[in-house]
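Data first, discussion second: the structure below is written as structure tokens.
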Amino acid sequence: MSLSRFLPIALAGSLLLAGCAGNPLRSYDAEMQSTVTLVRTGQIDQALDQLEKNNKPLFASDAPRDKDGKAKEKTVLDSISGRDILYYLEKGELLCLKKDYEGSRDSWLVADEIVRTWEDEYRTNPTKVLGEIGAFLVSDRVRRYDGQDYEKVFLSAKLTLDHILLGNFDHARIEMKKTYEREKLIESFREKEYEKIKEEQDKQGVKTDLKDLAAKGYPLDELDSPEVRELKNGFQNAFAHYLAGYFFEVTGEYSLAEPGYRNALALQPNSRLIKEKVGKVGRNQPGPNEADVLFVVESGFAPAWKSVTIPLPIPVNGRWVATPLSFPVLKSEGKSFMPNSLKVNGKELPVETLVNVDAMARRQLKDQLPGIMGRTMVRAIAKSALQYQAQKNAGPVAGLLVGIASVVTEQADERAWRTLPERLAVARAILPRGTVPIEFQTGAGVYKTEVTVGDRLTVIPIRLANGAVYVGQPRIEAGAGMFTEEPVKPAKRKARAGK
């Protein structure tokens, strides 16, 4: 379909959607503010109700059927009126805080199906995925949202945690392998995407320079902090790899544990906790009535994506015209409180941050901003050309209507997983099995509770939500009996000749 025929239809559709709840042009951050506030105050059930209210389908229609003819929930993969990935990401997080790990897992598995669909599309038809001509011409916000890169990887890490908490260790192994494969695929996609955008820019004669954005007031310096620069990229997750190292070490699969720790160290080279494990896997094992316990401490909320308007010159009918264009910026919730240590069974355990989601989001935006700028300028040129043709061929009213549609659709994509934590840290210790006391600072005082340490592998999730505190508990009975014998200690390395 030609540009002159496609764009009016796309713009008209966008105008129609703009007034509907749950549509791709909605302000997602504004929609999620009340949900986040409810989580902060410990009202998870109300937060779930609010999420449902915000995600009513656009159109009433019969539910799709599975292969057995039974009704199933409609997702964005079924139709435009289906629920998108964000609904399932947010719902999975809320259910996890509620300790409904089965419900959390099931919700995240639906989200994962959407990500895997994107992965399969890229593997089988990369040209189609990279093209996305509709998004170039209308708005990034009308693309099917498949998750930010860091969200895709975090989803795998979260699923791994749920499987471990439920005692489904075989599923956890599968998810760990998938995490590594997902990171490699994202890396490949971004490289090819940059080449595709550069090709589109060259066709339109568009040149992009981030200095032009900064000169017009774009906060480019916020994407260049030391924490952002230290990251290898905006999607690889040190915790996901450390979790794999921990899991395989505790289960006695040392040859798989070592790569997990080394991959984590490559992403967090200054981590004392990770350095203690590299080359020393299996050296410190729990006794017969003990367990190697990993505390996963999360705090705060991931940053919000906002749209700002920056006037930039674009070529229109042989002239350069200053045109208002929209670009995404990140707004932090404010640095969340992370305790320096946990006091568990009378022992102080240091807490070490492995993932800063705020920094990851900024690194991702920094890496993708040239491409976003290129897409936005190419789109603006196409819209300006259409408005000129509409006014020339159908009169000033037609030109005005196209101009209004262009303004409505010209907003940066604000969609992001908002209940994701701002930071994730870990603490680790060998503890006696049974009930143990735990206490830690929350920023508003000391929080005290008890947790149950189960079999050899025990993970305890903790979430500080800038107010409320959520402490999870694995299904001890599900993991009982998974280990029939203690792991064999690794053989000591032979000393080198001459030592």
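Numbering starts fresh at 1 for the residues of each chain in the structure tokens, the chains themselves are lettered A, B, ... in the order given, and ligands are numbered from 1 as they appear.
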Check your understanding: Within 9 Å of Val453 (chain A), counting only C-alpha atoms, which residues qualify if same-chain residues fewer than 2 places away don't, as number ranges by chain?
Key -> A: 290-291, 293, 431-436, 451, 455-460, 473-474, 476
Exercise for review: Could you pull out the residues in region 256-416 of chain A that DSSP calls strand (DSSP E or B) from the backbone, as a PyMOL selection string?
Suggested key: chain A and resi 290-299+304-316+319-331+341-344+347-350+352-356
Non-local contacts of region 276-284 of chain A (12 Å; only C-alpha atoms; under 2 positions in same chain excluded) as a PDB file with N, CA, C and O atoms, in the first residue's frame:
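That gives us part_24.pdb:
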```pdb
ATOM      1  N   TYR A 242      23.733 -14.608  38.346  1.00  0.00           N
ATOM      2  CA  TYR A 242      24.121 -15.022  39.698  1.00  0.00           C
ATOM      3  C   TYR A 242      23.151 -16.067  40.230  1.00  0.00           C
ATOM      4  O   TYR A 242      23.565 -17.042  40.881  1.00  0.00           O
ATOM      5  N   GLY A 245      24.127 -19.306  38.891  1.00  0.00           N
ATOM      6  CA  GLY A 245      25.293 -19.811  39.597  1.00  0.00           C
ATOM      7  C   GLY A 245      24.925 -20.406  40.942  1.00  0.00           C
ATOM      8  O   GLY A 245      25.371 -21.503  41.301  1.00  0.00           O
ATOM      9  N   TYR A 246      24.095 -19.683  41.687  1.00  0.00           N
ATOM     10  CA  TYR A 246      23.640 -20.160  43.002  1.00  0.00           C
ATOM     11  C   TYR A 246      22.889 -21.480  42.875  1.00  0.00           C
ATOM     12  O   TYR A 246      23.159 -22.449  43.596  1.00  0.00           O
ATOM     13  N   PHE A 247      21.932 -21.528  41.957  1.00  0.00           N
ATOM     14  CA  PHE A 247      21.102 -22.720  41.793  1.00  0.00           C
ATOM     15  C   PHE A 247      21.952 -23.946  41.475  1.00  0.00           C
ATOM     16  O   PHE A 247      21.813 -25.006  42.111  1.00  0.00           O
ATOM     17  N   PHE A 248      22.827 -23.816  40.495  1.00  0.00           N
ATOM     18  CA  PHE A 248      23.607 -24.978  40.074  1.00  0.00           C
ATOM     19  C   PHE A 248      24.677 -25.354  41.099  1.00  0.00           C
ATOM     20  O   PHE A 248      25.041 -26.531  41.219  1.00  0.00           O
ATOM     21  N   GLU A 249      25.144 -24.391  41.859  1.00  0.00           N
ATOM     22  CA  GLU A 249      26.096 -24.733  42.923  1.00  0.00           C
ATOM     23  C   GLU A 249      25.406 -25.532  44.025  1.00  0.00           C
ATOM     24  O   GLU A 249      25.920 -26.554  44.484  1.00  0.00           O
ATOM     25  N   VAL A 250      24.229 -25.075  44.444  1.00  0.00           N
ATOM     26  CA  VAL A 250      23.528 -25.749  45.535  1.00  0.00           C
ATOM     27  C   VAL A 250      23.051 -27.135  45.113  1.00  0.00           C
ATOM     28  O   VAL A 250      23.011 -28.067  45.924  1.00  0.00           O
ATOM     29  N   THR A 251      22.698 -27.285  43.839  1.00  0.00           N
ATOM     30  CA  THR A 251      22.259 -28.600  43.364  1.00  0.00           C
ATOM     31  C   THR A 251      23.432 -29.508  42.992  1.00  0.00           C
ATOM     32  O   THR A 251      23.224 -30.631  42.551  1.00  0.00           O
ATOM     33  N   GLY A 252      24.669 -29.010  43.171  1.00  0.00           N
ATOM     34  CA  GLY A 252      25.853 -29.830  42.920  1.00  0.00           C
ATOM     35  C   GLY A 252      26.288 -29.897  41.480  1.00  0.00           C
ATOM     36  O   GLY A 252      27.145 -30.703  41.117  1.00  0.00           O
ATOM     37  N   GLU A 253      25.742 -29.044  40.617  1.00  0.00           N
ATOM     38  CA  GLU A 253      26.108 -29.029  39.192  1.00  0.00           C
ATOM     39  C   GLU A 253      27.158 -27.934  38.957  1.00  0.00           C
ATOM     40  O   GLU A 253      26.896 -26.903  38.360  1.00  0.00           O
ATOM     41  N   TYR A 254      28.346 -28.202  39.452  1.00  0.00           N
ATOM     42  CA  TYR A 254      29.380 -27.170  39.526  1.00  0.00           C
ATOM     43  C   TYR A 254      29.845 -26.671  38.162  1.00  0.00           C
ATOM     44  O   TYR A 254      30.189 -25.490  38.011  1.00  0.00           O
ATOM     45  N   SER A 255      29.854 -27.538  37.165  1.00  0.00           N
ATOM     46  CA  SER A 255      30.308 -27.118  35.836  1.00  0.00           C
ATOM     47  C   SER A 255      29.358 -26.087  35.214  1.00  0.00           C
ATOM     48  O   SER A 255      29.756 -25.316  34.343  1.00  0.00           O
ATOM     49  N   LEU A 256      28.092 -26.066  35.681  1.00  0.00           N
ATOM     50  CA  LEU A 256      27.131 -25.076  35.208  1.00  0.00           C
ATOM     51  C   LEU A 256      27.111 -23.840  36.103  1.00  0.00           C
ATOM     52  O   LEU A 256      26.751 -22.746  35.657  1.00  0.00           O
ATOM     53  N   ALA A 257      27.497 -24.017  37.360  1.00  0.00           N
ATOM     54  CA  ALA A 257      27.501 -22.894  38.297  1.00  0.00           C
ATOM     55  C   ALA A 257      28.585 -21.883  37.952  1.00  0.00           C
ATOM     56  O   ALA A 257      28.357 -20.666  37.994  1.00  0.00           O
ATOM     57  N   GLU A 258      29.773 -22.373  37.613  1.00  0.00           N
ATOM     58  CA  GLU A 258      30.912 -21.480  37.356  1.00  0.00           C
ATOM     59  C   GLU A 258      30.614 -20.477  36.238  1.00  0.00           C
ATOM     60  O   GLU A 258      30.870 -19.269  36.396  1.00  0.00           O
ATOM     61  N   PRO A 259      30.055 -20.909  35.063  1.00  0.00           N
ATOM     62  CA  PRO A 259      29.723 -19.925  34.022  1.00  0.00           C
ATOM     63  C   PRO A 259      28.705 -18.884  34.483  1.00  0.00           C
ATOM     64  O   PRO A 259      28.782 -17.722  34.071  1.00  0.00           O
ATOM     65  N   GLY A 260      27.758 -19.296  35.327  1.00  0.00           N
ATOM     66  CA  GLY A 260      26.779 -18.346  35.835  1.00  0.00           C
ATOM     67  C   GLY A 260      27.446 -17.231  36.621  1.00  0.00           C
ATOM     68  O   GLY A 260      27.163 -16.042  36.417  1.00  0.00           O
ATOM     69  N   TYR A 261      28.347 -17.606  37.518  1.00  0.00           N
ATOM     70  CA  TYR A 261      29.059 -16.609  38.313  1.00  0.00           C
ATOM     71  C   TYR A 261      29.956 -15.738  37.437  1.00  0.00           C
ATOM     72  O   TYR A 261      30.064 -14.525  37.651  1.00  0.00           O
ATOM     73  N   ARG A 262      30.605 -16.347  36.476  1.00  0.00           N
ATOM     74  CA  ARG A 262      31.513 -15.568  35.608  1.00  0.00           C
ATOM     75  C   ARG A 262      30.736 -14.577  34.743  1.00  0.00           C
ATOM     76  O   ARG A 262      31.187 -13.442  34.525  1.00  0.00           O
ATOM     77  N   ASN A 263      29.590 -14.996  34.237  1.00  0.00           N
ATOM     78  CA  ASN A 263      28.756 -14.071  33.461  1.00  0.00           C
ATOM     79  C   ASN A 263      28.271 -12.911  34.338  1.00  0.00           C
ATOM     80  O   ASN A 263      28.213 -11.760  33.884  1.00  0.00           O
ATOM     81  N   ALA A 264      27.908 -13.214  35.580  1.00  0.00           N
ATOM     82  CA  ALA A 264      27.480 -12.166  36.504  1.00  0.00           C
ATOM     83  C   ALA A 264      28.621 -11.195  36.797  1.00  0.00           C
ATOM     84  O   ALA A 264      28.422  -9.972  36.846  1.00  0.00           O
ATOM     85  N   LEU A 265      29.834 -11.740  36.981  1.00  0.00           N
ATOM     86  CA  LEU A 265      30.995 -10.889  37.276  1.00  0.00           C
ATOM     87  C   LEU A 265      31.339  -9.987  36.102  1.00  0.00           C
ATOM     88  O   LEU A 265      31.782  -8.847  36.296  1.00  0.00           O
ATOM     89  N   ALA A 266      31.130 -10.470  34.880  1.00  0.00           N
ATOM     90  CA  ALA A 266      31.397  -9.647  33.691  1.00  0.00           C
ATOM     91  C   ALA A 266      30.500  -8.416  33.673  1.00  0.00           C
ATOM     92  O   ALA A 266      30.871  -7.362  33.147  1.00  0.00           O
ATOM     93  N   PRO A 269      31.713  -6.230  37.673  1.00  0.00           N
ATOM     94  CA  PRO A 269      33.109  -6.608  37.968  1.00  0.00           C
ATOM     95  C   PRO A 269      33.598  -6.209  39.352  1.00  0.00           C
ATOM     96  O   PRO A 269      34.625  -6.734  39.812  1.00  0.00           O
ATOM     97  N   ASN A 270      32.898  -5.321  40.040  1.00  0.00           N
ATOM     98  CA  ASN A 270      33.326  -4.884  41.366  1.00  0.00           C
ATOM     99  C   ASN A 270      32.579  -5.580  42.497  1.00  0.00           C
ATOM    100  O   ASN A 270      32.748  -5.219  43.669  1.00  0.00           O
ATOM    101  N   SER A 271      31.781  -6.560  42.164  1.00  0.00           N
ATOM    102  CA  SER A 271      30.965  -7.228  43.178  1.00  0.00           C
ATOM    103  C   SER A 271      31.799  -8.157  44.047  1.00  0.00           C
ATOM    104  O   SER A 271      32.367  -9.139  43.557  1.00  0.00           O
ATOM    105  N   ARG A 272      31.842  -7.862  45.346  1.00  0.00           N
ATOM    106  CA  ARG A 272      32.558  -8.726  46.284  1.00  0.00           C
ATOM    107  C   ARG A 272      31.872 -10.087  46.382  1.00  0.00           C
ATOM    108  O   ARG A 272      32.536 -11.130  46.422  1.00  0.00           O
ATOM    109  N   LEU A 273      30.554 -10.070  46.425  1.00  0.00           N
ATOM    110  CA  LEU A 273      29.786 -11.300  46.580  1.00  0.00           C
ATOM    111  C   LEU A 273      30.057 -12.276  45.437  1.00  0.00           C
ATOM    112  O   LEU A 273      30.222 -13.486  45.651  1.00  0.00           O
ATOM    113  N   ILE A 274      30.111 -11.756  44.212  1.00  0.00           N
ATOM    114  CA  ILE A 274      30.344 -12.626  43.060  1.00  0.00           C
ATOM    115  C   ILE A 274      31.803 -13.093  43.026  1.00  0.00           C
ATOM    116  O   ILE A 274      32.082 -14.262  42.742  1.00  0.00           O
ATOM    117  N   PRO A 286      26.575 -26.350  52.981  1.00  0.00           N
ATOM    118  CA  PRO A 286      25.810 -26.490  54.230  1.00  0.00           C
ATOM    119  C   PRO A 286      25.933 -27.898  54.787  1.00  0.00           C
ATOM    120  O   PRO A 286      26.171 -28.866  54.061  1.00  0.00           O
ATOM    121  N   GLY A 287      25.758 -28.014  56.112  1.00  0.00           N
ATOM    122  CA  GLY A 287      25.798 -29.314  56.761  1.00  0.00           C
ATOM    123  C   GLY A 287      24.489 -30.067  56.592  1.00  0.00           C
ATOM    124  O   GLY A 287      23.566 -29.596  55.915  1.00  0.00           O
ATOM    125  N   GLU A 290      21.359 -28.019  57.469  1.00  0.00           N
ATOM    126  CA  GLU A 290      21.477 -26.622  57.095  1.00  0.00           C
ATOM    127  C   GLU A 290      21.067 -26.420  55.638  1.00  0.00           C
ATOM    128  O   GLU A 290      20.888 -27.375  54.889  1.00  0.00           O
ATOM    129  N   ALA A 291      20.937 -25.158  55.243  1.00  0.00           N
ATOM    130  CA  ALA A 291      20.602 -24.819  53.868  1.00  0.00           C
ATOM    131  C   ALA A 291      21.384 -23.582  53.447  1.00  0.00           C
ATOM    132  O   ALA A 291      21.714 -22.725  54.273  1.00  0.00           O
ATOM    133  N   ASP A 292      21.686 -23.511  52.162  1.00  0.00           N
ATOM    134  CA  ASP A 292      22.336 -22.334  51.580  1.00  0.00           C
ATOM    135  C   ASP A 292      21.204 -21.393  51.153  1.00  0.00           C
ATOM    136  O   ASP A 292      20.512 -21.651  50.165  1.00  0.00           O
ATOM    137  N   ARG A 428      23.355 -13.625  51.334  1.00  0.00           N
ATOM    138  CA  ARG A 428      23.438 -15.090  51.292  1.00  0.00           C
ATOM    139  C   ARG A 428      24.119 -15.623  52.540  1.00  0.00           C
ATOM    140  O   ARG A 428      25.066 -15.021  53.058  1.00  0.00           O
ATOM    141  N   ALA A 429      23.610 -16.746  53.040  1.00  0.00           N
ATOM    142  CA  ALA A 429      24.210 -17.349  54.234  1.00  0.00           C
ATOM    143  C   ALA A 429      23.788 -18.801  54.354  1.00  0.00           C
ATOM    144  O   ALA A 429      22.753 -19.211  53.828  1.00  0.00           O
ATOM    145  N   ILE A 430      24.600 -19.578  55.053  1.00  0.00           N
ATOM    146  CA  ILE A 430      24.234 -20.946  55.423  1.00  0.00           C
ATOM    147  C   ILE A 430      23.541 -20.873  56.775  1.00  0.00           C
ATOM    148  O   ILE A 430      24.094 -20.356  57.747  1.00  0.00           O
ATOM    149  N   GLU A 486      23.646 -35.482  49.505  1.00  0.00           N
ATOM    150  CA  GLU A 486      24.404 -34.242  49.514  1.00  0.00           C
ATOM    151  C   GLU A 486      25.329 -34.181  48.297  1.00  0.00           C
ATOM    152  O   GLU A 486      25.815 -35.212  47.819  1.00  0.00           O
ATOM    153  N   PRO A 487      25.591 -32.967  47.771  1.00  0.00           N
ATOM    154  CA  PRO A 487      26.490 -32.859  46.623  1.00  0.00           C
ATOM    155  C   PRO A 487      27.921 -33.213  46.989  1.00  0.00           C
ATOM    156  O   PRO A 487      28.349 -33.045  48.135  1.00  0.00           O
ATOM    157  N   VAL A 488      28.645 -33.724  46.009  1.00  0.00           N
ATOM    158  CA  VAL A 488      30.054 -34.072  46.220  1.00  0.00           C
ATOM    159  C   VAL A 488      30.877 -32.790  46.144  1.00  0.00           C
ATOM    160  O   VAL A 488      30.673 -31.952  45.281  1.00  0.00           O
ATOM    161  N   LYS A 489      31.809 -32.628  47.083  1.00  0.00           N
ATOM    162  CA  LYS A 489      32.646 -31.446  47.051  1.00  0.00           C
ATOM    163  C   LYS A 489      33.548 -31.481  45.829  1.00  0.00           C
ATOM    164  O   LYS A 489      34.032 -32.551  45.432  1.00  0.00           O
ATOM    165  N   PRO A 490      33.807 -30.334  45.206  1.00  0.00           N
ATOM    166  CA  PRO A 490      34.671 -30.310  44.027  1.00  0.00           C
ATOM    167  C   PRO A 490      36.103 -30.682  44.389  1.00  0.00           C
ATOM    168  O   PRO A 490      36.568 -30.408  45.499  1.00  0.00           O
ATOM    169  N   ALA A 491      36.769 -31.340  43.439  1.00  0.00           N
ATOM    170  CA  ALA A 491      38.153 -31.735  43.683  1.00  0.00           C
ATOM    171  C   ALA A 491      39.029 -30.502  43.799  1.00  0.00           C
ATOM    172  O   ALA A 491      38.842 -29.515  43.097  1.00  0.00           O
ATOM    173  N   LYS A 492      40.005 -30.558  44.711  1.00  0.00           N
ATOM    174  CA  LYS A 492      40.922 -29.440  44.857  1.00  0.00           C
ATOM    175  C   LYS A 492      41.835 -29.353  43.649  1.00  0.00           C
ATOM    176  O   LYS A 492      42.263 -30.381  43.110  1.00  0.00           O
ATOM    177  N   ARG A 493      42.123 -28.134  43.234  1.00  0.00           N
ATOM    178  CA  ARG A 493      42.998 -27.938  42.092  1.00  0.00           C
ATOM    179  C   ARG A 493      44.435 -28.288  42.468  1.00  0.00           C
ATOM    180  O   ARG A 493      44.909 -27.970  43.545  1.00  0.00           O
TER     181      ARG A 493
END
```
Review point. Just asking: which residues within region 294-466 of chain A are helix (DSSP H, G or I) according to DSSP, as a VMD selection string?
Key: chain A and resid 357 to 394 396 to 409
With the cut-off set at 9 Å and counting only C-alpha atoms, tabulate each residue of region 94-127 of chain A with an atom at most that distance from an atom of region 179-201 of chain A, showing the nearest atom pair and its distance in Å to one decimal, ordered by chain and increasing number, as a tab-separated table.
```
residue	atom	partner	partner_atom	distance
A:Glu119	CA	A:Leu185	CA	7.6
A:Tyr122	CA	A:Phe189	CA	7.7
A:Arg123	CA	A:Leu185	CA	8.7
A:Pro126	CA	A:Phe189	CA	8.3
```
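CA of Lys343 (chain A) is positioned 6.2 Å from CA of Phe440 (chain A).
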**Study point:** Nearby residues (only C-alpha atoms) at most 12 Å from Ser156 (chain A), same-chain spacing under 3 positions excluded, as JSON, numbers by chain
**Key:** {"A": [89, 105, 108, 109, 111, 112, 113, 115, 116, 149, 150, 151, 152, 153, 159, 160, 161, 162, 163, 171, 172, 173, 174, 175, 176, 177, 178, 179, 180, 181, 182, 183, 235, 236, 237, 239, 240, 241, 243, 244]}
What are the closest atom pairs, with distances in Å to one decimal, for each residue of region 275-348 of chain A lying within 8 Å of region 28-38 of chain A, using only C-alpha atoms, rows by chain and rising residue number, as a Markdown table?
```
| residue | atom | partner | partner_atom | distance |
| --- | --- | --- | --- | --- |
| A:Ala304 | CA | A:Asp29 | CA | 6.2 |
| A:Trp305 | CA | A:Asp29 | CA | 7.1 |
| A:Lys306 | CA | A:Asp29 | CA | 7.6 |
```
Writer output for current selection, N, CA and C atoms, as an mmCIF file, in the first residue's frame:
```cif
data_model
loop_
_atom_site.group_PDB
_atom_site.id
_atom_site.type_symbol
_atom_site.label_atom_id
_atom_site.label_comp_id
_atom_site.auth_asym_id
_atom_site.auth_seq_id
_atom_site.Cartn_x
_atom_site.Cartn_y
_atom_site.Cartn_z
ATOM 1 N N ALA A 304 9.480 5.823 35.386
ATOM 2 C CA ALA A 304 8.403 6.036 34.411
ATOM 3 C C ALA A 304 8.981 6.604 33.124
ATOM 4 N N TRP A 305 8.401 6.216 32.000
ATOM 5 C CA TRP A 305 8.761 6.783 30.696
ATOM 6 C C TRP A 305 7.761 7.892 30.386
ATOM 7 N N LYS A 306 8.277 9.079 30.073
ATOM 8 C CA LYS A 306 7.444 10.238 29.793
ATOM 9 C C LYS A 306 7.741 10.762 28.389
#
```
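Proximity ranking of A:Leu94, A:Leu166, A:Trp118, A:Tyr87 relative to Gly42 (chain A) places A:Leu94 first, based on only C-alpha atoms.
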Check your understanding: From the list A:Met373, A:Pro421, A:Ala302, A:Arg475, which residue is nearest Leu213 (chain A) when using only C-alpha atoms?
Key -> A:Met373
Check your understanding: Could you work out how far CA of Leu464 (chain A) lies from CA of Ala361 (chain A), giving the answer in Å with one decimal?
Key -> 20.0 Å
**Study point:** Residues near region 222-234 of chain A, cut-off 6 Å, only C-alpha atoms, skip fewer than 3 positions along chain, as a list in words
**Key:**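 Once the nearby chain positions are removed, what remains is Pro219, Ala359, Met360, Arg362, Arg363, Gln364 and Lys366 of chain A.
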Could you please take those selected residues and save N, CA, C and O atoms as a CSV table (one decimal), in the first residue's frame?
```
chain,number,residue,atom,x,y,z
A,219,PRO,N,17.2,16.4,28.3
A,219,PRO,CA,18.1,16.1,29.4
A,219,PRO,C,19.0,15.0,29.1
A,219,PRO,O,19.0,13.9,29.7
A,359,ALA,N,19.2,2.6,36.2
A,359,ALA,CA,20.4,2.8,35.4
A,359,ALA,C,20.2,2.0,34.1
A,359,ALA,O,20.7,2.4,33.0
A,360,MET,N,19.7,0.7,34.2
A,360,MET,CA,19.5,-0.1,32.9
A,360,MET,C,18.6,0.6,32.0
A,360,MET,O,18.8,0.6,30.7
A,362,ARG,N,18.0,3.8,31.6
A,362,ARG,CA,18.7,5.0,31.1
A,362,ARG,C,19.8,4.5,30.1
A,362,ARG,O,20.0,5.2,29.0
A,363,ARG,N,20.4,3.4,30.3
A,363,ARG,CA,21.4,2.9,29.4
A,363,ARG,C,20.7,2.5,28.1
A,363,ARG,O,21.2,2.7,27.0
A,364,GLN,N,19.6,1.8,28.2
A,364,GLN,CA,18.8,1.4,27.1
A,364,GLN,C,18.4,2.6,26.2
A,364,GLN,O,18.5,2.6,25.0
A,366,LYS,N,19.7,5.6,26.2
A,366,LYS,CA,20.9,6.2,25.7
A,366,LYS,C,21.3,5.5,24.4
A,366,LYS,O,21.6,6.1,23.4
```
Exercise for review: Considering only C-alpha atoms, state which residue in the set A:Ala412, A:Ala382, A:Val355, A:Ala157 is at the smallest distance from Ser326 (chain A).
Suggested key: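 The answer is A:Ala412, which sits nearest to Ser326 (chain A).
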Check your understanding: What does the distance from CA of Phe301 (chain A) to CA of Leu77 (chain A) come to in Å, to one decimal?
Key ->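 Taking CA of Phe301 (chain A) as the start and CA of Leu77 (chain A) as the end point, the length is 27.6 Å.
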Point to revise | Contact residues around Tyr88 (chain A) with only C-alpha atoms at 8 Å, ignoring same-chain residues under 2 positions, as a list in words | key: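 With the cut-off at 8 Å, the set is Asp84, Ile85, Leu86, Glu90, Lys91, Gly92, Ser107, Trp108, Val110 and Ala111 of chain A.
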